[in-house]
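Structure file run.txt with compact mmCIF, C-alpha atoms:
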# COMPACT_ATOMS: atom_id res chain seq x y z
CA MET K 1 25.73 134.34 122.63
CA ALA K 2 27.47 131.64 120.59
CA HIS K 3 26.92 131.51 116.85
CA SER K 4 27.58 128.55 114.62
CA ALA K 5 29.62 128.84 111.46
CA ALA K 6 26.47 128.33 109.38
CA GLU K 7 24.69 131.12 111.22
CA ARG K 8 27.63 133.43 110.75
CA ALA K 9 27.80 132.68 107.05
CA SER K 10 24.27 133.98 106.60
CA THR K 11 24.64 136.95 108.92
CA HIS K 12 24.73 140.49 107.56
CA ASP K 13 27.99 142.37 107.71
CA LEU K 14 26.64 144.92 110.16
CA ASP K 15 25.52 142.19 112.57
CA LEU K 16 28.93 140.55 112.31
CA VAL K 17 30.55 143.90 113.01
CA ALA K 18 28.35 144.30 116.09
CA GLN K 19 29.37 140.83 117.29
CA ALA K 20 33.04 141.54 116.58
CA ALA K 21 32.76 144.76 118.58
CA THR K 22 31.94 142.64 121.63
CA GLY K 23 35.17 140.69 121.10
CA ASP K 24 33.76 137.86 118.97
CA ARG K 25 36.80 136.98 116.91
CA LYS K 26 34.99 134.25 114.98
CA ALA K 27 32.48 136.79 113.73
CA PHE K 28 35.36 138.96 112.61
CA GLY K 29 36.93 135.94 110.93
CA GLU K 30 33.79 135.61 108.81
CA LEU K 31 34.17 139.24 107.75
CA VAL K 32 37.77 138.56 106.80
CA ARG K 33 36.71 135.51 104.80
CA ARG K 34 34.14 137.60 102.92
CA HIS K 35 36.23 140.65 102.20
CA GLY K 36 39.83 139.43 102.37
CA SER K 37 40.13 138.89 98.63
CA ALA K 38 38.90 142.40 97.83
CA VAL K 39 41.40 144.00 100.18
CA ARG K 40 44.26 141.83 98.96
CA GLY K 41 43.24 142.58 95.40
CA LEU K 42 43.35 146.30 96.05
CA MET K 43 46.84 146.00 97.51
CA ARG K 44 48.00 144.15 94.42
CA ARG K 45 46.40 146.70 92.15
CA MET K 46 48.16 149.46 94.01
CA GLY K 47 51.43 147.77 93.14
CA ALA K 48 52.24 145.42 96.02
CA ASP K 49 53.58 141.97 95.23
CA PRO K 50 51.35 139.13 96.46
CA ALA K 51 53.30 138.51 99.68
CA LEU K 52 53.36 142.18 100.63
CA ALA K 53 49.71 142.52 99.64
CA ASP K 54 48.78 139.70 102.02
CA ASP K 55 50.86 141.18 104.85
CA LEU K 56 49.31 144.61 104.44
CA ALA K 57 45.81 143.19 104.15
CA GLN K 58 46.36 141.22 107.37
CA ASP K 59 47.61 144.35 109.12
CA ALA K 60 44.60 146.25 107.82
CA PHE K 61 42.16 143.68 109.19
CA LEU K 62 43.94 143.59 112.55
CA ALA K 63 43.79 147.38 112.70
CA ALA K 64 40.12 147.21 111.73
CA PHE K 65 39.44 144.80 114.61
CA GLU K 66 41.20 147.09 117.05
CA GLN K 67 39.12 150.08 115.99
CA ILE K 68 35.92 148.30 115.01
CA THR K 69 33.83 150.33 117.42
CA GLU K 70 34.64 153.34 115.25
CA PHE K 71 32.85 151.76 112.28
CA ARG K 72 29.42 153.35 112.24
CA GLY K 73 27.97 151.42 109.34
CA GLU K 74 27.59 154.54 107.23
CA GLY K 75 29.34 152.83 104.33
CA ALA K 76 30.24 149.27 103.45
CA PHE K 77 32.55 147.40 105.81
CA GLN K 78 34.69 146.41 102.85
CA GLY K 79 35.19 150.03 101.83
CA TRP K 80 36.16 150.93 105.37
CA VAL K 81 38.84 148.23 105.53
CA LYS K 82 40.03 149.15 102.06
CA ARG K 83 40.62 152.72 103.18
CA ILE K 84 42.64 151.45 106.14
CA ALA K 85 44.63 149.15 103.87
CA ALA K 86 45.22 151.84 101.26
CA ARG K 87 46.62 154.17 103.89
CA LEU K 88 48.84 151.38 105.22
CA TYR K 89 50.14 150.75 101.71
CA VAL K 90 50.88 154.42 101.16
CA ARG K 91 52.68 154.63 104.49
CA ARG K 92 54.78 151.61 103.59
CA TRP K 93 55.42 152.94 100.13
CA ARG K 94 56.54 156.32 101.39
CA ARG K 95 58.74 154.70 104.01
CA ASP K 96 60.44 152.65 101.34
CA ALA K 97 60.95 155.87 99.36
CA ARG K 98 59.74 154.23 96.24
CA MET K 99 58.15 157.30 94.78
CA ASP K 100 58.84 160.88 94.04
CA LEU K 101 55.43 162.47 93.85
CA MET K 102 56.64 165.70 92.40
CA ALA K 103 58.59 164.08 89.60
CA ASP K 104 57.38 164.21 86.05
CA PRO K 105 55.70 160.96 85.12
CA PRO K 106 57.95 158.61 83.18
CA GLU K 107 57.11 157.52 79.69
CA PRO K 108 55.05 154.34 79.74
CA GLU K 109 57.03 151.19 79.34
CA ALA K 110 56.52 149.00 76.35
CA ASP K 111 54.17 146.15 77.14
CA SER K 112 55.59 142.77 77.77
CA GLY K 113 53.59 139.63 77.37
CA LEU K 114 50.52 141.38 76.03
CA GLY K 115 51.23 140.86 72.36
CA ASP K 116 48.83 137.94 72.12
CA MET K 117 46.01 140.16 73.35
CA GLY K 118 46.12 142.48 70.40
CA ALA K 119 42.81 141.20 69.09
CA ILE K 120 41.01 141.72 72.34
CA ASN K 121 38.92 144.84 72.30
CA ARG K 122 38.88 145.35 75.96
CA ILE K 123 41.44 144.50 78.53
CA ASP K 124 40.79 144.26 82.20
CA LEU K 125 41.69 146.73 84.87
CA ASP K 126 44.69 144.82 86.15
CA GLU K 127 46.31 144.85 82.76
CA ALA K 128 45.47 148.49 82.17
CA LEU K 129 46.92 149.55 85.51
CA ARG K 130 50.30 148.26 84.41
CA ALA K 131 50.51 151.07 81.88
CA LEU K 132 50.48 153.65 84.65
CA SER K 133 53.50 154.94 86.48
CA ASP K 134 53.78 153.94 90.14
CA VAL K 135 52.53 157.25 91.40
CA GLU K 136 49.64 157.38 88.93
CA ARG K 137 48.60 153.86 89.85
CA VAL K 138 48.68 154.64 93.55
CA CYS K 139 46.72 157.87 93.13
CA VAL K 140 44.07 156.24 90.93
CA SER K 141 43.83 153.20 93.22
CA LEU K 142 43.52 155.35 96.31
CA CYS K 143 40.68 157.38 94.84
CA TYR K 144 38.77 154.65 93.02
CA GLY K 145 39.76 151.42 94.79
CA GLY K 146 40.39 152.83 98.26
CA GLY K 147 37.47 155.22 98.14
CA LEU K 148 39.46 158.24 99.25
CA SER K 149 38.64 161.71 98.00
CA HIS K 150 41.37 163.62 96.21
CA ALA K 151 41.89 165.66 99.35
CA GLU K 152 42.16 162.56 101.53
CA ALA K 153 44.59 161.00 99.06
CA ALA K 154 46.68 164.18 99.09
CA GLN K 155 46.72 164.06 102.87
CA ALA K 156 47.69 160.38 102.94
CA LEU K 157 50.44 160.99 100.40
CA ASN K 158 51.49 164.23 102.10
CA THR K 159 51.51 166.02 98.77
CA PRO K 160 49.64 168.99 97.31
CA LEU K 161 46.08 168.42 96.21
CA GLY K 162 46.79 169.73 92.72
CA THR K 163 49.59 167.23 92.26
CA VAL K 164 47.33 164.36 93.20
CA LYS K 165 44.61 165.61 90.87
CA SER K 166 46.99 165.80 87.96
CA HIS K 167 48.33 162.30 88.65
CA VAL K 168 44.78 160.97 88.83
CA LYS K 169 43.79 162.72 85.61
CA ARG K 170 46.82 161.44 83.74
CA GLY K 171 46.20 157.95 85.08
CA LEU K 172 42.53 158.03 84.10
CA ASP K 173 43.40 159.22 80.61
CA LYS K 174 45.75 156.30 80.18
CA LEU K 175 43.25 153.83 81.60
CA ARG K 176 40.49 155.13 79.35
CA ALA K 177 42.75 154.83 76.34
CA ARG K 178 43.37 151.20 77.17
CA MET K 179 39.98 150.16 78.46
CA ALA K 180 37.53 152.01 76.24
CA PRO K 181 35.17 149.62 74.46
CA GLY K 182 35.77 149.26 70.76
CA GLN K 183 39.43 150.04 71.00
CA THR K 184 42.21 147.65 70.32
CA LEU K 185 44.99 147.29 72.81
CA ALA K 186 46.68 150.65 73.08
CA THR K 187 50.26 151.00 72.10
CA PRO K 188 52.67 152.87 74.35
CA GLU K 189 52.63 155.75 71.85
CA SER K 190 48.88 156.05 71.90
CA VAL K 191 48.88 155.91 75.68
CA ALA K 192 51.50 158.62 75.90
CA HIS K 193 49.59 160.93 73.62
CA GLY K 194 46.08 159.78 74.36
CA MET E 195 37.89 165.61 81.01
CA VAL E 196 37.21 162.08 82.09
CA ASP E 197 33.58 161.20 81.51
CA ARG E 198 31.42 160.06 84.39
CA SER E 199 30.41 156.77 82.80
CA PHE E 200 34.04 155.73 82.55
CA GLU E 201 34.60 156.61 86.21
CA MET E 202 31.57 154.52 87.15
CA GLU E 203 32.94 151.63 85.13
CA LEU E 204 36.26 152.06 86.89
CA ASP E 205 34.52 152.03 90.28
CA ARG E 206 32.70 148.87 89.28
CA GLN E 207 35.85 147.11 88.14
CA PHE E 208 37.69 148.06 91.31
CA SER E 209 34.77 146.69 93.34
CA ASP E 210 34.60 143.47 91.35
CA ALA E 211 37.75 141.98 92.78
CA PRO E 212 38.11 138.29 92.03
CA ILE E 213 37.73 135.87 94.94
CA LEU E 214 41.18 134.47 95.56
CA PRO E 215 41.31 130.70 95.96
CA ASP E 216 43.01 130.83 99.35
CA SER E 217 40.55 133.23 100.97
CA ASP E 218 39.73 130.75 103.75
CA LEU E 219 43.43 130.26 104.45
CA PHE E 220 43.93 134.00 104.59
CA ALA E 221 41.02 134.41 106.99
CA GLY E 222 42.51 131.65 109.14
CA ARG E 223 45.84 133.46 109.29
CA VAL E 224 44.18 136.69 110.37
CA THR E 225 42.10 135.01 113.09
CA ASP E 226 45.20 133.12 114.27
CA ARG E 227 47.02 136.42 114.69
CA LEU E 228 44.01 137.82 116.52
CA GLU E 229 43.96 134.83 118.86
CA ARG E 230 47.70 135.07 119.45
CA GLY E 231 47.38 138.74 120.29
CA TRP E 232 44.47 138.03 122.60
CA THR E 233 46.29 135.20 124.36
CA PHE E 234 49.38 137.36 124.77
CA ARG E 235 47.27 140.16 126.21
CA ARG E 236 45.60 137.82 128.70
CA LEU E 237 48.95 136.33 129.75
CA LEU E 238 50.40 139.78 130.14
CA ILE E 239 47.50 140.97 132.29
CA GLY E 240 47.55 137.76 134.33
CA GLY E 241 51.30 137.92 134.79
CA LEU E 242 51.18 141.54 135.84
CA GLY E 243 48.35 140.69 138.25
CA VAL E 244 50.32 137.87 139.84
CA ALA E 245 53.44 140.01 140.08
CA GLY E 246 51.45 142.87 141.56
CA GLY E 247 49.79 140.50 144.02
CA LEU E 248 53.10 139.06 145.14
CA ILE E 249 54.66 142.47 145.57
CA GLY E 250 51.59 143.74 147.43
CA GLY E 251 51.52 140.65 149.65
CA GLY E 252 55.20 141.01 150.37
CA GLN E 253 54.74 144.65 151.30
CA LEU E 254 51.85 143.77 153.63
CA LEU E 255 53.81 141.05 155.36
CA GLY E 256 56.89 143.24 155.60
CA SER E 257 54.99 146.08 157.19
CA GLY E 258 53.95 143.90 160.17
CA LEU E 259 50.29 144.24 159.35
CA LEU E 260 49.53 140.69 160.49
CA SER E 261 50.86 141.21 164.01
CA ARG E 262 49.08 144.54 164.25
CA LEU E 263 45.86 142.94 163.10
CA GLY E 264 46.32 140.16 165.66
CA SER E 265 46.82 142.60 168.52
CA PHE E 266 43.90 144.68 167.31
CA THR E 267 41.73 141.57 167.28
CA ALA E 268 42.78 140.65 170.81
CA GLN E 269 42.14 144.17 172.07
CA SER E 270 38.70 144.25 170.46
CA ASP E 271 37.92 140.85 171.90
CA THR E 272 38.87 142.01 175.39
CA LEU E 273 36.94 145.23 175.03
CA VAL E 274 33.77 143.47 173.90
CA LYS E 275 34.00 140.92 176.73
CA MET E 276 34.45 143.64 179.30
CA GLY E 277 31.47 145.52 177.94
CA VAL E 278 29.25 142.49 177.94
CA ALA E 279 30.40 141.45 181.43
CA GLN E 280 29.13 144.75 182.77
CA LEU E 281 25.61 143.84 181.63
CA PRO E 282 24.10 141.51 184.27
CA ALA E 283 21.12 140.73 182.13
CA ALA E 284 23.31 139.51 179.33
CA ARG E 285 24.93 136.74 181.27
CA GLY E 286 24.01 134.14 178.74
CA LEU E 287 25.48 136.20 175.96
CA THR E 288 28.79 136.50 177.85
CA ASP E 289 28.95 132.72 178.07
CA LEU E 290 28.27 132.49 174.40
CA LEU E 291 31.06 134.98 173.58
CA SER E 292 33.49 133.20 175.85
CA ALA E 293 32.76 129.96 174.12
CA SER E 294 33.27 131.46 170.70
CA SER E 295 36.23 133.75 171.45
CA ASN E 296 38.57 131.52 169.52
CA LEU E 297 36.33 131.95 166.49
CA ASP E 298 36.54 135.77 166.41
CA SER E 299 39.85 136.00 164.62
CA GLN E 300 38.74 133.35 162.12
CA VAL E 301 35.62 135.37 161.32
CA LEU E 302 37.73 138.45 160.81
CA TRP E 303 40.08 136.65 158.44
CA MET E 304 37.19 135.08 156.58
CA SER E 305 35.65 138.50 156.07
CA ALA E 306 38.95 139.88 154.86
CA ALA E 307 39.32 136.99 152.42
CA LEU E 308 35.83 137.52 151.07
CA ALA E 309 36.51 141.22 150.66
CA ALA E 310 39.72 140.45 148.78
CA LEU E 311 37.80 138.03 146.57
CA ALA E 312 35.21 140.70 145.83
CA VAL E 313 37.93 143.20 144.93
CA GLY E 314 39.54 140.58 142.67
CA LEU E 315 36.24 139.95 140.88
CA PHE E 316 35.71 143.68 140.47
CA VAL E 317 39.19 144.16 139.00
CA THR E 318 38.68 141.22 136.62
CA ARG E 319 35.40 142.68 135.47
CA ALA E 320 36.94 146.11 135.02
CA ILE E 321 39.75 144.65 132.90
CA ARG E 322 37.20 142.85 130.71
CA GLU E 323 35.31 146.09 130.21
CA ILE E 324 38.51 147.94 129.27

For the file at hand, write its structure as C-alpha cells.
Amino acid sequence: MAHSAAERASTHDLDLVAQAATGDRKAFGELVRRHGSAVRGLMRRMGADPALADDLAQDAFLAAFEQITEFRGEGAFQGWVKRIAARLYVRRWRRDARMDLMADPPEPEADSGLGDMGAINRIDLDEALRALSDVERVCVSLCYGGGLSHAEAAQALNTPLGTVKSHVKRGLDKLRARMAPGQTLATPESVAHG
Amino acid sequence: MVDRSFEMELDRQFSDAPILPDSDLFAGRVTDRLERGWTFRRLLIGGLGVAGGLIGGGQLLGSGLLSRLGSFTAQSDTLVKMGVAQLPAARGLTDLLSASSNLDSQVLWMSAALAALAVGLFVTRAIREI
C-alpha cells in the first residue's frame, strides 16, 4: 500500500518500522529524518568529528534497515539505532587504536574557549563532555547515550567490566562537578579532585 | 556515589539532542544509499539470472535435447495414430488427428513454454520473498 509523505509524517514509529520491514524504503527514510539528528549527535558526543559522525550514523541506519525485522518494538526505535551506532563507533575507535582502556586516565586539559562562560552556572552536556578523557567519554556515552548496560559496554569495548565501571564513575564525577546546578564553571583542578 | 537524580538528568540531556539543520539532507543521503544498494541487488540478481539462463540454454542445446524431443514427438504421434486407427468406431477422430498432426509439436512446445514461464514466475516470487 502506498503512503504519501504527509501520511508518513504523522505515522507512529512502530507503524513505519512495520512498513520498512516490508521493504518500504520511504517509510524508513521518514524514520531517518526523525531520528537522524539524535544518532549523529550521539556520535559527536562520543568524540567523532562531524564528518565521521555522519558516516557512522549512515552506516548505523543502513544496518538497522538490514536487520529491521529484529526490532521487536520493546524499546524506542531511536534507542535501538543508537545502540547499533554506538557499537559501530566503538568498533571504529578500537580499529583506529585510539584508546588504551587500561591506561590511567590523563589529567584533564585546561579549557580553551570557555573563559567567557565563567559566569554561567550551568553548562551543557556537550561542553562538560570535553572535560572527560576519550575513554571516559566513550564509556559514559555508551551507557547513557547509547543505552548499553555496563556489561554490554564492557563486551563492546572488549575490556573488563570493572574497568568500564571505574571509567564511567570517574566520568560521571567529572560531569557532575561541571554540570551541577549552582556551581560555577569548574576549573581543571576542581575537576581533577572533585 | 553518583546520585540517581543526576543520572536521570544525564539521561535526559543525552536524549534531548538538538535537531540538526540538515536532517532532511541526511535522510536523503541515507535513502539514496538504500536505493543504490537495492538497485545494485536487483541488477545483480537479474544479471545472474540472465547468465544462468544463457548457460542453461546453451547446455540444453548442446546436449541435443531438441532433436531428441523432435523424434520423441514423432514417435508419439505415430503411436497415437496407430492406436486410433485400430478403433473402427473412432474413424472420425482419426481424421481429426490426421488433420491436426502438424499442430502436435506446436502444442508440445507451447506447453513447455508455459511451464518455463510458470517456473520463472515462481523463481521471481521466491527471490522477492528472500

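With all atoms listed in the file as the atoms that count, the residue of K:Gly145, K:Gly41, K:Pro160, K:Gly171 with the shortest distance to Ser133 in chain K is K:Gly171.
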
CA of Arg25 in chain K to CA of Arg44 in chain K: how many Å, to one decimal?
->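 Separating CA of Arg25 in chain K from CA of Arg44 in chain K is a distance of 26.1 Å.
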
Please report as a PyMOL selection string which residues of chain K come no farther than 10 Å from chain E, using all atoms listed in the file.
-> chain K and resi 22-23+25-42+45+54-55+57-62+65-66+78-79+124-126+140-141+143-147+169-170+172-173+175-176+179-180

Determine the nearest neighbour of Leu56 in chain K from the options K:Ala128, K:Val164, K:Ile84, K:Ala156, counting all atoms listed in the file.
-> K:Ile84

For the atom pair CA of Lys82 in chain K and CA of Ala6 in chain K, what is the interatomic distance in Å to one decimal place?
->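 These atoms are spaced 25.9 Å apart.
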
Computed gap from CA of Leu148 in chain K to CA of Leu16 in chain K is 24.4 Å

Can you work out which one of K:Met46, K:Ala5, K:Ala131, K:Val90 has the shortest atom-to-atom distance to Thr159 in chain K, counting all atoms listed in the file?
->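 Closest candidate: K:Val90.
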
Would you please work out which residue, of K:Asp49, K:Gln67, K:Leu129, K:Met43, is nearest to Tyr89 in chain K when using all atoms listed in the file?
-> K:Met43

Surrounding residues of range 237-239 of chain E excluding itself and chain neighbours under 6 positions, 10 Å, all atoms listed in the file, as a ChimeraX atom specification | /E:231,245,318,321

Please provide the set of residues having any atom within 12 Å of Ala310 in chain E, restricted to only C-alpha atoms, with same-chain residues fewer than 6 positions apart removed, written as JSON, numbers by chain.
-> {"E": [247, 251, 303, 304, 316, 317]}

How would the residues just picked look written out with C-alpha atoms as a CSV table (one decimal), in the frame of the given file?
chain,number,residue,atom,x,y,z
E,247,GLY,CA,49.8,140.5,144.0
E,251,GLY,CA,51.5,140.6,149.6
E,303,TRP,CA,40.1,136.6,158.4
E,304,MET,CA,37.2,135.1,156.6
E,316,PHE,CA,35.7,143.7,140.5
E,317,VAL,CA,39.2,144.2,139.0
